[in-house]
2 protein chains.
Amino acid sequence: MEMQQLAQRAKAAAIHLAAAGTVEKNRALEEIARALESRSADILSANARDIERSRQEHLAAPLLKRLRFDENKIMEACQGLQSLIRLPDPVGRTLSALELDQGLELYKVSCPIGVIGVIFESRPDALVQISSLCLKSGNAVLLKGGSEAAETNRVLADVITDAGNRAGMPTGWLALLETREDVAGMLSLDTAIDLIVPRGSNAFVRHIMSHTNIPVLGHADGICHVFVDRDADPDMAVRIAVDSKCQYVAVCNAAETLLVHQDIAGEFLPKIQQALEAKGVAIRGCERTAAAIDCRTATAEDWSTEYLDLILSVRVVDSLEAAVDHINTYGSGHTDVIVTGGTGRGTWFMNHVDSADVFYNCSSRFSDGFRFGLGAEVGISTNKIHARGPVGMEGLLIYQWRLMGHGHIVADYSGRNHRPFTHRKLDTPFPS
Amino acid sequence: MEMQQLAQRAKAAAIHLAAAGTVEKNRALEEIARALESRSADILSANARDIERSRQEHLAAPLLKRLRFDENKIMEACQGLQSLIRLPDPVGRTLSALELDQGLELYKVSCPIGVIGVIFESRPDALVQISSLCLKSGNAVLLKGGSEAAETNRVLADVITDAGNRAGMPTGWLALLETREDVAGMLSLDTAIDLIVPRGSNAFVRHIMSHTNIPVLGHADGICHVFVDRDADPDMAVRIAVDSKCQYVAVCNAAETLLVHQDIAGEFLPKIQQALEAKGVAIRGCERTAAAIDCRTATAEDWSTEYLDLILSVRVVDSLEAAVDHINTYGSGHTDVIVTGGTGRGTWFMNHVDSADVFYNCSSRFSDGFRFGLGAEVGISTNKIHARGPVGMEGLLIYQWRLMGHGHIVADYSGRNHRPFTHRKLDTPFPS
């Protein structure tokens, strides 16, 4: 089917999916979980073909590992579906209610965004996770996965579509795109598609942003900082810096730069050097750091590099203000940490660092949808509008204003002797 | 000053403005109100020069009227500032709080977006309104007004900047752009500017969207509908249709199309024709309408035309479903009304119409920030993300995640024997 037709079908489906009840949507999620199990043989053999082909094409080992979708992954996907079923329906919640005048009541009610276009990496589990999140939140979804996982994705999309149809979901609420031309087509359909969620590298996200008028919910690099303030507990600071850097190096919420207040640098730098060395981390230090401990000297480029590796740049700063300036200059607005002795300087740091996540005396690695209790994660956003930081299902929602009247007209509220508005807050939900 | 420098200065100012206290910001708003009064002579003479020049350039009378900024307008602007001062500070509000584990508490706290670029129409009052909204919400602002109002805008920006400086606001939080090249420059500075708010025609907004990677908060056409259902009270339906069309025709929340259920068309069409004729409204009817009453026949183009004039297209539809289909096909997602006998069909309509504002038994003209009790209006958005419908100050805000720990690290929460998260909801605000 042509891209435009797919998008139009998705748009029509989105209208019905937006109005679907909680019971219906949960029944569809149940049906999807059952179908994943009953068709596991098809899924496993498609995945084996993807892996075999990718191996012949010399795909790197870490990517081959991400590509694997085995019985364990199917079980995990089903568990994910069960926990999604248990979450409350995010659609139809009354966000605010206001009486404008007697018998004229305004409700702000949560609703799905509409049609979401998702471009995701090689892991096929992402397909199940994203499509089920979209279903629960009432959104139609167009999916484009990595070409390495083409056969697995095709079977998974097929299984989910069939299960959804059996459970009465509107036809076309999910569609799988296969080609790069489809992606280009999708990016041009700004009248049918409401939001693009690209999951991948920073360069990839920026490329998508430059090629579409559709809003993009994407994350940039994670150049995260840990700032060790003058009165930090040095042992706590070591523990937090090591965890932020090493607990999992290849992720966007890992620290890339350590800033150290000059008053504590003499005591702290040898300690952190020892701890990082034990973990195999190479330090690239500013001149003052390099004068205090044995390390390679950092270049200007280091301050804006996301290593995703066992490397940490270290800079000694004159003050709290200088640390904040460094972060706002070189950071990526993702996650930044202060380790300090009191909440006064901690709050000042949080008030002045322009990042999605600002942490006080804890590791940058907590920046994550699951740890934040969001239930499920759409991604981590460095956008400054709509959704910021770890984004749960609420990132797939917007609201609609619903005004309930009894024949009210604006002429009565304008001109001489006009009726006043009461603008009285109500505690009642939308009367559905 | 170069555009890039202005934007960098605004970005630096935004960091400080985000952390400014309520008292400081309100003092600055007071100072601006005082300055508008004390420098009113300068303002009035600049405006007189703008009007004189525009008259010589044969600017149309309605635009000349919008351009006028007289003593009355200065008074209104000062009243607007006073009511803004009375509004609670929208920055620093705790939106949610969650204990992740003992001593590890997560707060979602409202904060400004950062640097807002606003391109506005000829009315100089917009400059005062927008810049004061940005100040109260802690955002820096780059403003580009209509060239007709160049001299008035220059004096107003000068008055506001001086007053802000006297009250201790950070230098560069407001800048006025003068040329189209500046606008083009602004649209390219996606690392310094966080949101563009274009106020103007649909074509203009779409042009802006096509020329920037910066998120755009803009409204499209207002092709608003009134649907008169089969069991509507005919007199109420006439009153609502007339108010929606005629109360003020040149605005985006005025109705452009009337949909009539076939079961009530025979009774209703002659009534509404009479009422609309009395107001000088010309009807363009579908074939069934034209068979029932004397009117010009509508073409397909009429269904997607925003007349902003005393013209109304009228279509007879078979059912509630057909009305909803028409609206979702030809509407612009702005404001759509159902007039019906009971809330059952009303709720069905609201659940299936994909528009920012869906109204039951009241006029489309209520779609407005002041009437909605938002205090101040940034604009009306037909976006599907961030902010939808009438947008108040909350459209200029986002949030930041603040995690307060006591040395917590992620290693303790992963692997064998890991600590569980408590994810316990808290009722406490962020401890500032």
# chains A, B, ... in the order shown; residues from 1 in each chain; ligands from 1
call {"tool": "select_by_dssp", "arguments": {"residues": "range 3-198 of chain A", "states": "alpha helix (DSSP H)", "output": "MDAnalysis selection string"}}
result
chainID A and resid 3:18 22:38 40:56 61:67 71:86 125:136 150:166 180:188
call {"tool": "closest_atom_pairs", "arguments": {"of": "chain A", "to": "chain B", "cutoff": "7 Å", "atoms": "only C-alpha atoms", "output": "Markdown table"}}
result
| residue | atom | partner | partner_atom | distance |
| --- | --- | --- | --- | --- |
| A:Ile15 | CA | B:His352 | CA | 5.8 |
| A:His16 | CA | B:His352 | CA | 6.9 |
| A:Ala19 | CA | B:Asn351 | CA | 5.3 |
| A:Ile113 | CA | B:Lys384 | CA | 5.7 |
| A:Asp194 | CA | B:Lys384 | CA | 6.4 |
| A:Met209 | CA | B:Asn213 | CA | 6.1 |
| A:Ser210 | CA | B:Asn213 | CA | 6.1 |
| A:Asn213 | CA | B:Ser210 | CA | 6.1 |
| A:Pro215 | CA | B:Pro215 | CA | 7.0 |
| A:Met236 | CA | B:Gly407 | CA | 5.5 |
| A:Ile240 | CA | B:Ile409 | CA | 6.0 |
| A:Asp243 | CA | B:Ile409 | CA | 6.0 |
| A:Gln247 | CA | B:Ala411 | CA | 6.3 |
| A:Thr347 | CA | B:Ser432 | CA | 6.6 |
| A:Asn351 | CA | B:Ala19 | CA | 5.3 |
| A:His352 | CA | B:Ile15 | CA | 5.8 |
| A:Asp354 | CA | B:Ile15 | CA | 6.9 |
| A:Ala356 | CA | B:Gln400 | CA | 5.1 |
| A:Asp357 | CA | B:Trp401 | CA | 4.7 |
| A:Val358 | CA | B:Arg402 | CA | 5.1 |
| A:Phe359 | CA | B:Leu403 | CA | 4.7 |
| A:Tyr360 | CA | B:Met404 | CA | 4.9 |
| A:Asn361 | CA | B:Gly405 | CA | 5.0 |
| A:Cys362 | CA | B:His408 | CA | 4.7 |
| A:Ser363 | CA | B:Ile409 | CA | 5.1 |
| A:Arg365 | CA | B:Val410 | CA | 6.1 |
| A:Phe366 | CA | B:Val410 | CA | 6.3 |
| A:Gly373 | CA | B:His423 | CA | 5.9 |
| A:Lys384 | CA | B:Ile113 | CA | 5.7 |
| A:Ile385 | CA | B:Ile398 | CA | 6.0 |
| A:His386 | CA | B:His386 | CA | 3.9 |
| A:Arg388 | CA | B:Tyr399 | CA | 6.9 |
| A:Ile398 | CA | B:Ile385 | CA | 6.0 |
| A:Tyr399 | CA | B:Arg388 | CA | 6.9 |
| A:Gln400 | CA | B:Ala356 | CA | 5.1 |
| A:Trp401 | CA | B:Asp357 | CA | 4.7 |
| A:Arg402 | CA | B:Val358 | CA | 5.1 |
| A:Leu403 | CA | B:Phe359 | CA | 4.7 |
| A:Met404 | CA | B:Tyr360 | CA | 4.9 |
| A:Gly405 | CA | B:Asn361 | CA | 5.0 |
| A:His406 | CA | B:Asn361 | CA | 5.4 |
| A:Gly407 | CA | B:Cys362 | CA | 5.0 |
| A:His408 | CA | B:Cys362 | CA | 4.7 |
| A:Ile409 | CA | B:Ser363 | CA | 5.1 |
| A:Val410 | CA | B:Arg365 | CA | 6.2 |
| A:Ala411 | CA | B:Gln247 | CA | 6.3 |
| A:His423 | CA | B:Gly373 | CA | 6.0 |
| A:Ser432 | CA | B:Thr347 | CA | 6.5 |
call {"tool": "residues_around", "arguments": {"residues": "range 118-127 of chain A", "least_positions_apart": "4", "cutoff": "10 Å", "atoms": "only C-alpha atoms", "output": "number ranges by chain"}}
result
A: 47, 63-69, 73-74, 76-77, 131-133, 141-154, 156-157, 160, 176-177, 183, 195-201, 205, 208, 216-217, 378
call {"tool": "write_last_selection", "arguments": {"atoms": "N, CA and C atoms", "output": "compact mmCIF listing (two decimals), in the first residue's frame"}}
result
# COMPACT_ATOMS: atom_id res chain seq x y z
N ASN A 47 13.32 -14.58 13.34
CA ASN A 47 14.47 -13.95 13.99
C ASN A 47 15.76 -14.72 13.66
N LEU A 63 25.45 -5.52 18.02
CA LEU A 63 24.20 -5.33 17.29
C LEU A 63 23.49 -6.67 17.07
N LEU A 64 24.29 -7.72 16.82
CA LEU A 64 23.70 -9.06 16.69
C LEU A 64 22.97 -9.43 17.98
N LYS A 65 23.59 -9.05 19.09
CA LYS A 65 22.99 -9.38 20.38
C LYS A 65 21.66 -8.64 20.57
N ARG A 66 21.63 -7.36 20.17
CA ARG A 66 20.40 -6.57 20.28
C ARG A 66 19.30 -7.12 19.38
N LEU A 67 19.73 -7.73 18.27
CA LEU A 67 18.78 -8.24 17.29
C LEU A 67 18.05 -9.49 17.76
N ARG A 68 18.70 -10.23 18.68
CA ARG A 68 18.14 -11.52 19.10
C ARG A 68 16.78 -11.35 19.80
N PHE A 69 15.80 -12.15 19.35
CA PHE A 69 14.47 -12.13 19.96
C PHE A 69 14.09 -13.58 20.25
N LYS A 73 12.82 -13.26 25.46
CA LYS A 73 12.34 -11.94 25.04
C LYS A 73 10.82 -11.94 24.84
N ILE A 74 10.31 -13.04 24.31
CA ILE A 74 8.86 -13.14 24.14
C ILE A 74 8.18 -13.09 25.51
N GLU A 76 9.39 -11.73 28.24
CA GLU A 76 9.52 -10.36 28.75
C GLU A 76 8.50 -9.42 28.10
N ALA A 77 8.30 -9.60 26.79
CA ALA A 77 7.32 -8.75 26.08
C ALA A 77 5.93 -8.98 26.65
N SER A 131 4.25 -0.30 20.07
CA SER A 131 2.89 -0.44 19.55
C SER A 131 1.89 -0.64 20.69
N SER A 132 2.30 -1.35 21.74
CA SER A 132 1.35 -1.54 22.85
C SER A 132 1.15 -0.25 23.64
N LEU A 133 2.21 0.54 23.79
CA LEU A 133 2.07 1.85 24.44
C LEU A 133 1.11 2.74 23.65
N VAL A 141 -0.28 4.04 15.01
CA VAL A 141 1.18 4.11 14.94
C VAL A 141 1.71 3.57 13.61
N LEU A 142 2.66 4.32 13.05
CA LEU A 142 3.40 3.86 11.88
C LEU A 142 4.81 3.56 12.36
N LEU A 143 5.28 2.34 12.07
CA LEU A 143 6.55 1.88 12.63
C LEU A 143 7.56 1.61 11.54
N LYS A 144 8.79 2.06 11.76
CA LYS A 144 9.87 1.67 10.86
C LYS A 144 11.03 1.18 11.72
N GLY A 145 11.36 -0.11 11.60
CA GLY A 145 12.46 -0.68 12.38
C GLY A 145 13.73 -0.78 11.55
N GLY A 146 14.76 -1.30 12.17
CA GLY A 146 16.03 -1.49 11.46
C GLY A 146 15.90 -2.60 10.42
N SER A 147 16.63 -2.45 9.31
CA SER A 147 16.51 -3.44 8.23
C SER A 147 17.07 -4.80 8.65
N GLU A 148 18.02 -4.83 9.61
CA GLU A 148 18.55 -6.11 10.09
C GLU A 148 17.42 -6.98 10.64
N ALA A 149 16.42 -6.33 11.26
CA ALA A 149 15.35 -7.07 11.93
C ALA A 149 14.10 -7.19 11.06
N ALA A 150 14.26 -7.02 9.74
CA ALA A 150 13.09 -6.91 8.85
C ALA A 150 12.12 -8.08 8.99
N GLU A 151 12.65 -9.31 9.00
CA GLU A 151 11.74 -10.47 9.03
C GLU A 151 11.05 -10.60 10.39
N THR A 152 11.82 -10.41 11.46
CA THR A 152 11.23 -10.46 12.81
C THR A 152 10.14 -9.40 12.93
N ASN A 153 10.46 -8.18 12.50
CA ASN A 153 9.49 -7.09 12.62
C ASN A 153 8.22 -7.38 11.82
N ARG A 154 8.40 -7.99 10.63
CA ARG A 154 7.24 -8.27 9.80
C ARG A 154 6.30 -9.26 10.51
N LEU A 156 6.18 -9.87 13.78
CA LEU A 156 5.63 -9.24 14.99
C LEU A 156 4.49 -8.29 14.65
N ALA A 157 4.69 -7.48 13.61
CA ALA A 157 3.63 -6.53 13.22
C ALA A 157 2.39 -7.29 12.79
N ILE A 160 0.63 -8.75 15.90
CA ILE A 160 -0.05 -7.71 16.67
C ILE A 160 -1.28 -7.19 15.92
N LEU A 176 3.41 -1.20 9.40
CA LEU A 176 4.87 -1.34 9.39
C LEU A 176 5.41 -0.80 8.07
N LEU A 177 6.35 0.11 8.14
CA LEU A 177 6.99 0.63 6.92
C LEU A 177 8.23 -0.22 6.64
N VAL A 183 9.89 6.10 4.82
CA VAL A 183 10.21 7.06 5.89
C VAL A 183 10.16 8.48 5.34
N LEU A 195 3.05 13.29 15.23
CA LEU A 195 4.28 13.33 16.01
C LEU A 195 5.23 12.24 15.49
N ILE A 196 6.50 12.59 15.38
CA ILE A 196 7.53 11.62 14.99
C ILE A 196 8.41 11.37 16.22
N VAL A 197 8.61 10.09 16.54
CA VAL A 197 9.51 9.71 17.63
C VAL A 197 10.67 8.92 17.01
N PRO A 198 11.80 9.58 16.79
CA PRO A 198 12.96 8.86 16.26
C PRO A 198 13.83 8.37 17.41
N ARG A 199 14.16 7.10 17.40
CA ARG A 199 15.04 6.58 18.44
C ARG A 199 16.35 6.20 17.78
N GLY A 200 17.43 6.86 18.17
CA GLY A 200 18.71 6.55 17.55
C GLY A 200 19.73 7.60 17.93
N SER A 201 20.74 7.75 17.11
CA SER A 201 21.83 8.68 17.44
C SER A 201 21.35 10.11 17.32
N VAL A 205 18.60 11.90 14.80
CA VAL A 205 17.47 12.70 15.26
C VAL A 205 17.48 14.07 14.59
N ILE A 208 16.32 13.84 11.02
CA ILE A 208 14.85 13.75 10.95
C ILE A 208 14.23 15.13 11.13
N VAL A 216 8.79 16.69 16.38
CA VAL A 216 9.66 15.55 16.65
C VAL A 216 9.93 15.48 18.15
N LEU A 217 9.69 14.30 18.73
CA LEU A 217 10.04 14.08 20.14
C LEU A 217 11.31 13.24 20.15
N VAL A 378 8.73 5.96 26.65
CA VAL A 378 8.71 6.23 25.21
C VAL A 378 10.12 6.61 24.76
call {"tool": "residues_around", "arguments": {"residues": "Gly21 in chain A", "least_positions_apart": "6", "cutoff": "12 Å", "atoms": "only C-alpha atoms", "output": "PyMOL selection string"}}
result
(chain A and resi 27-28+88-92+135-138+168-169+432) or (chain B and resi 351)
call {"tool": "atom_distance", "arguments": {"atom1": "CA of Gly218 in chain A", "atom2": "CA of Ser110 in chain A"}}
result
22.0 Å
call {"tool": "select_by_dssp", "arguments": {"residues": "range 59-120 of chain B", "states": "strand (DSSP E or B)", "output": "PyMOL selection string"}}
result
chain B and resi 94-101+104-112+115-119
call {"tool": "write_last_selection", "arguments": {"atoms": "C-alpha atoms", "output": "tab-separated table (two decimals), in the first residue's frame"}}
result
chain	number	residue	atom	x	y	z
B	94	THR	CA	5.62	21.07	42.08
B	95	LEU	CA	3.63	19.12	39.49
B	96	SER	CA	4.26	15.72	41.05
B	97	ALA	CA	6.41	14.16	43.76
B	98	LEU	CA	7.44	10.54	44.17
B	99	GLU	CA	9.62	8.70	46.64
B	100	LEU	CA	11.84	6.32	44.64
B	101	ASP	CA	13.34	4.88	47.82
B	104	LEU	CA	15.54	9.49	47.30
B	105	GLU	CA	12.77	11.83	46.22
B	106	LEU	CA	11.80	12.88	42.71
B	107	TYR	CA	10.04	16.19	41.99
B	108	LYS	CA	8.62	17.42	38.70
B	109	VAL	CA	8.84	21.21	38.91
B	110	SER	CA	7.47	23.76	36.42
B	111	CYS	CA	10.02	26.03	34.75
B	112	PRO	CA	10.25	28.42	31.80
B	115	VAL	CA	14.06	31.79	24.80
B	116	ILE	CA	10.83	32.48	22.90
B	117	GLY	CA	10.81	34.08	19.45
B	118	VAL	CA	7.56	35.89	18.74
B	119	ILE	CA	6.53	37.28	15.37
call {"tool": "atom_distance", "arguments": {"atom1": "CA of Pro170 in chain A", "atom2": "CA of Glu30 in chain A"}}
result
16.3 Å
call {"tool": "residues_around", "arguments": {"residues": "Ala35 in chain B", "least_positions_apart": "4", "cutoff": "7 Å", "atoms": "only C-alpha atoms", "output": "JSON list (two decimals) with N, CA and C atoms, in the first residue's frame"}}
result
[["chain", "number", "residue", "atom", "x", "y", "z"],
["B", 31, "GLU", "N", 7.33, 48.35, 37.43],
["B", 31, "GLU", "CA", 8.22, 49.38, 36.87],
["B", 31, "GLU", "C", 7.87, 49.63, 35.40],
["B", 39, "ARG", "N", 6.45, 57.73, 30.16],
["B", 39, "ARG", "CA", 6.98, 58.03, 28.81],
["B", 39, "ARG", "C", 5.89, 58.01, 27.75],
["B", 159, "VAL", "N", 11.28, 51.34, 26.34],
["B", 159, "VAL", "CA", 10.67, 51.63, 27.64],
["B", 159, "VAL", "C", 10.70, 50.38, 28.52],
["B", 163, "ALA", "N", 12.98, 49.81, 31.90],
["B", 163, "ALA", "CA", 12.28, 49.55, 33.17],
["B", 163, "ALA", "C", 12.74, 48.22, 33.75]]
call {"tool": "atom_distance", "arguments": {"atom1": "CA of Ser381 in chain A", "atom2": "CA of Glu394 in chain A"}}
result
12.6 Å
call {"tool": "decode", "arguments": {"residues": "range 78-176 of chain A", "atoms": "C-alpha atoms", "output": "PDB file, in the first residue's frame"}}
result
ATOM      1  CA  CYS A  78       4.275 -10.559  27.507  1.00  0.00           C
ATOM      2  CA  GLN A  79       5.175  -9.397  31.017  1.00  0.00           C
ATOM      3  CA  GLY A  80       5.440  -5.860  29.657  1.00  0.00           C
ATOM      4  CA  LEU A  81       1.956  -6.198  28.160  1.00  0.00           C
ATOM      5  CA  GLN A  82       0.560  -7.453  31.473  1.00  0.00           C
ATOM      6  CA  SER A  83       1.984  -4.500  33.373  1.00  0.00           C
ATOM      7  CA  LEU A  84       0.628  -2.128  30.729  1.00  0.00           C
ATOM      8  CA  ILE A  85      -2.840  -3.681  31.179  1.00  0.00           C
ATOM      9  CA  ARG A  86      -2.621  -2.960  34.904  1.00  0.00           C
ATOM     10  CA  LEU A  87      -1.844   0.740  34.327  1.00  0.00           C
ATOM     11  CA  PRO A  88      -4.851   3.081  34.528  1.00  0.00           C
ATOM     12  CA  ASP A  89      -6.236   4.319  31.210  1.00  0.00           C
ATOM     13  CA  PRO A  90      -4.504   7.644  30.540  1.00  0.00           C
ATOM     14  CA  VAL A  91      -7.259   8.780  28.135  1.00  0.00           C
ATOM     15  CA  GLY A  92     -10.345  10.651  29.329  1.00  0.00           C
ATOM     16  CA  ARG A  93      -8.898  11.981  32.564  1.00  0.00           C
ATOM     17  CA  THR A  94     -10.253  15.376  33.636  1.00  0.00           C
ATOM     18  CA  LEU A  95      -7.198  17.613  34.017  1.00  0.00           C
ATOM     19  CA  SER A  96      -9.148  20.661  35.139  1.00  0.00           C
ATOM     20  CA  ALA A  97     -12.735  21.835  35.400  1.00  0.00           C
ATOM     21  CA  LEU A  98     -14.061  25.386  35.574  1.00  0.00           C
ATOM     22  CA  GLU A  99     -17.512  26.894  35.724  1.00  0.00           C
ATOM     23  CA  LEU A 100     -17.573  29.831  33.295  1.00  0.00           C
ATOM     24  CA  ASP A 101     -21.121  30.726  34.316  1.00  0.00           C
ATOM     25  CA  GLN A 102     -24.137  28.922  35.697  1.00  0.00           C
ATOM     26  CA  GLY A 103     -24.723  25.856  33.497  1.00  0.00           C
ATOM     27  CA  LEU A 104     -21.640  26.555  31.359  1.00  0.00           C
ATOM     28  CA  GLU A 105     -18.838  24.233  32.409  1.00  0.00           C
ATOM     29  CA  LEU A 106     -15.407  23.819  30.848  1.00  0.00           C
ATOM     30  CA  TYR A 107     -13.421  20.572  31.122  1.00  0.00           C
ATOM     31  CA  LYS A 108      -9.853  19.905  30.016  1.00  0.00           C
ATOM     32  CA  VAL A 109      -9.793  16.199  29.210  1.00  0.00           C
ATOM     33  CA  SER A 110      -6.739  14.072  28.281  1.00  0.00           C
ATOM     34  CA  CYS A 111      -6.824  12.449  24.842  1.00  0.00           C
ATOM     35  CA  PRO A 112      -4.419  10.738  22.429  1.00  0.00           C
ATOM     36  CA  ILE A 113      -2.269  12.801  20.071  1.00  0.00           C
ATOM     37  CA  GLY A 114      -3.466  10.864  17.011  1.00  0.00           C
ATOM     38  CA  VAL A 115      -1.004   9.238  14.624  1.00  0.00           C
ATOM     39  CA  ILE A 116       2.552   8.645  15.870  1.00  0.00           C
ATOM     40  CA  GLY A 117       5.401   7.788  13.496  1.00  0.00           C
ATOM     41  CA  VAL A 118       8.153   5.845  15.259  1.00  0.00           C
ATOM     42  CA  ILE A 119      11.550   5.079  13.768  1.00  0.00           C
ATOM     43  CA  PHE A 120      13.425   2.680  15.988  1.00  0.00           C
ATOM     44  CA  GLU A 121      16.678   0.836  16.277  1.00  0.00           C
ATOM     45  CA  SER A 122      17.473  -2.825  15.655  1.00  0.00           C
ATOM     46  CA  ARG A 123      15.884  -4.349  18.802  1.00  0.00           C
ATOM     47  CA  PRO A 124      12.613  -6.041  17.787  1.00  0.00           C
ATOM     48  CA  ASP A 125      11.316  -5.799  21.389  1.00  0.00           C
ATOM     49  CA  ALA A 126      10.934  -2.071  20.709  1.00  0.00           C
ATOM     50  CA  LEU A 127       8.213  -2.855  18.165  1.00  0.00           C
ATOM     51  CA  VAL A 128       6.064  -4.684  20.720  1.00  0.00           C
ATOM     52  CA  GLN A 129       6.701  -2.101  23.413  1.00  0.00           C
ATOM     53  CA  ILE A 130       5.964   0.954  21.266  1.00  0.00           C
ATOM     54  CA  SER A 131       2.890  -0.438  19.546  1.00  0.00           C
ATOM     55  CA  SER A 132       1.351  -1.545  22.846  1.00  0.00           C
ATOM     56  CA  LEU A 133       2.067   1.853  24.439  1.00  0.00           C
ATOM     57  CA  CYS A 134       0.369   3.522  21.475  1.00  0.00           C
ATOM     58  CA  LEU A 135      -2.633   1.198  21.744  1.00  0.00           C
ATOM     59  CA  LYS A 136      -3.104   1.787  25.471  1.00  0.00           C
ATOM     60  CA  SER A 137      -2.859   5.548  24.930  1.00  0.00           C
ATOM     61  CA  GLY A 138      -5.284   5.409  21.982  1.00  0.00           C
ATOM     62  CA  ASN A 139      -2.821   6.398  19.269  1.00  0.00           C
ATOM     63  CA  ALA A 140      -2.429   4.888  15.815  1.00  0.00           C
ATOM     64  CA  VAL A 141       1.179   4.106  14.940  1.00  0.00           C
ATOM     65  CA  LEU A 142       3.402   3.862  11.880  1.00  0.00           C
ATOM     66  CA  LEU A 143       6.551   1.881  12.634  1.00  0.00           C
ATOM     67  CA  LYS A 144       9.872   1.669  10.856  1.00  0.00           C
ATOM     68  CA  GLY A 145      12.455  -0.677  12.384  1.00  0.00           C
ATOM     69  CA  GLY A 146      16.026  -1.492  11.460  1.00  0.00           C
ATOM     70  CA  SER A 147      16.505  -3.443   8.233  1.00  0.00           C
ATOM     71  CA  GLU A 148      18.546  -6.111  10.091  1.00  0.00           C
ATOM     72  CA  ALA A 149      15.353  -7.074  11.925  1.00  0.00           C
ATOM     73  CA  ALA A 150      13.092  -6.915   8.850  1.00  0.00           C
ATOM     74  CA  GLU A 151      11.741 -10.473   9.028  1.00  0.00           C
ATOM     75  CA  THR A 152      11.225 -10.460  12.807  1.00  0.00           C
ATOM     76  CA  ASN A 153       9.488  -7.087  12.621  1.00  0.00           C
ATOM     77  CA  ARG A 154       7.237  -8.274   9.798  1.00  0.00           C
ATOM     78  CA  VAL A 155       6.044 -11.282  11.797  1.00  0.00           C
ATOM     79  CA  LEU A 156       5.635  -9.240  14.993  1.00  0.00           C
ATOM     80  CA  ALA A 157       3.634  -6.534  13.219  1.00  0.00           C
ATOM     81  CA  ASP A 158       1.518  -9.242  11.636  1.00  0.00           C
ATOM     82  CA  VAL A 159       0.879 -10.987  14.971  1.00  0.00           C
ATOM     83  CA  ILE A 160      -0.054  -7.707  16.668  1.00  0.00           C
ATOM     84  CA  THR A 161      -2.268  -6.533  13.807  1.00  0.00           C
ATOM     85  CA  ASP A 162      -4.164  -9.844  13.665  1.00  0.00           C
ATOM     86  CA  ALA A 163      -4.619  -9.930  17.427  1.00  0.00           C
ATOM     87  CA  GLY A 164      -5.798  -6.319  17.422  1.00  0.00           C
ATOM     88  CA  ASN A 165      -8.299  -7.041  14.649  1.00  0.00           C
ATOM     89  CA  ARG A 166      -9.659 -10.052  16.534  1.00  0.00           C
ATOM     90  CA  ALA A 167     -10.139  -7.846  19.588  1.00  0.00           C
ATOM     91  CA  GLY A 168     -12.017  -5.238  17.535  1.00  0.00           C
ATOM     92  CA  MET A 169      -9.344  -2.569  17.167  1.00  0.00           C
ATOM     93  CA  PRO A 170      -9.914  -0.368  14.077  1.00  0.00           C
ATOM     94  CA  THR A 171      -8.215  -1.569  10.887  1.00  0.00           C
ATOM     95  CA  GLY A 172      -5.005   0.243  10.078  1.00  0.00           C
ATOM     96  CA  TRP A 173      -4.192   1.468  13.596  1.00  0.00           C
ATOM     97  CA  LEU A 174      -0.742  -0.122  13.150  1.00  0.00           C
ATOM     98  CA  ALA A 175       1.326  -0.206   9.983  1.00  0.00           C
ATOM     99  CA  LEU A 176       4.872  -1.339   9.386  1.00  0.00           C
TER     100      LEU A 176
END
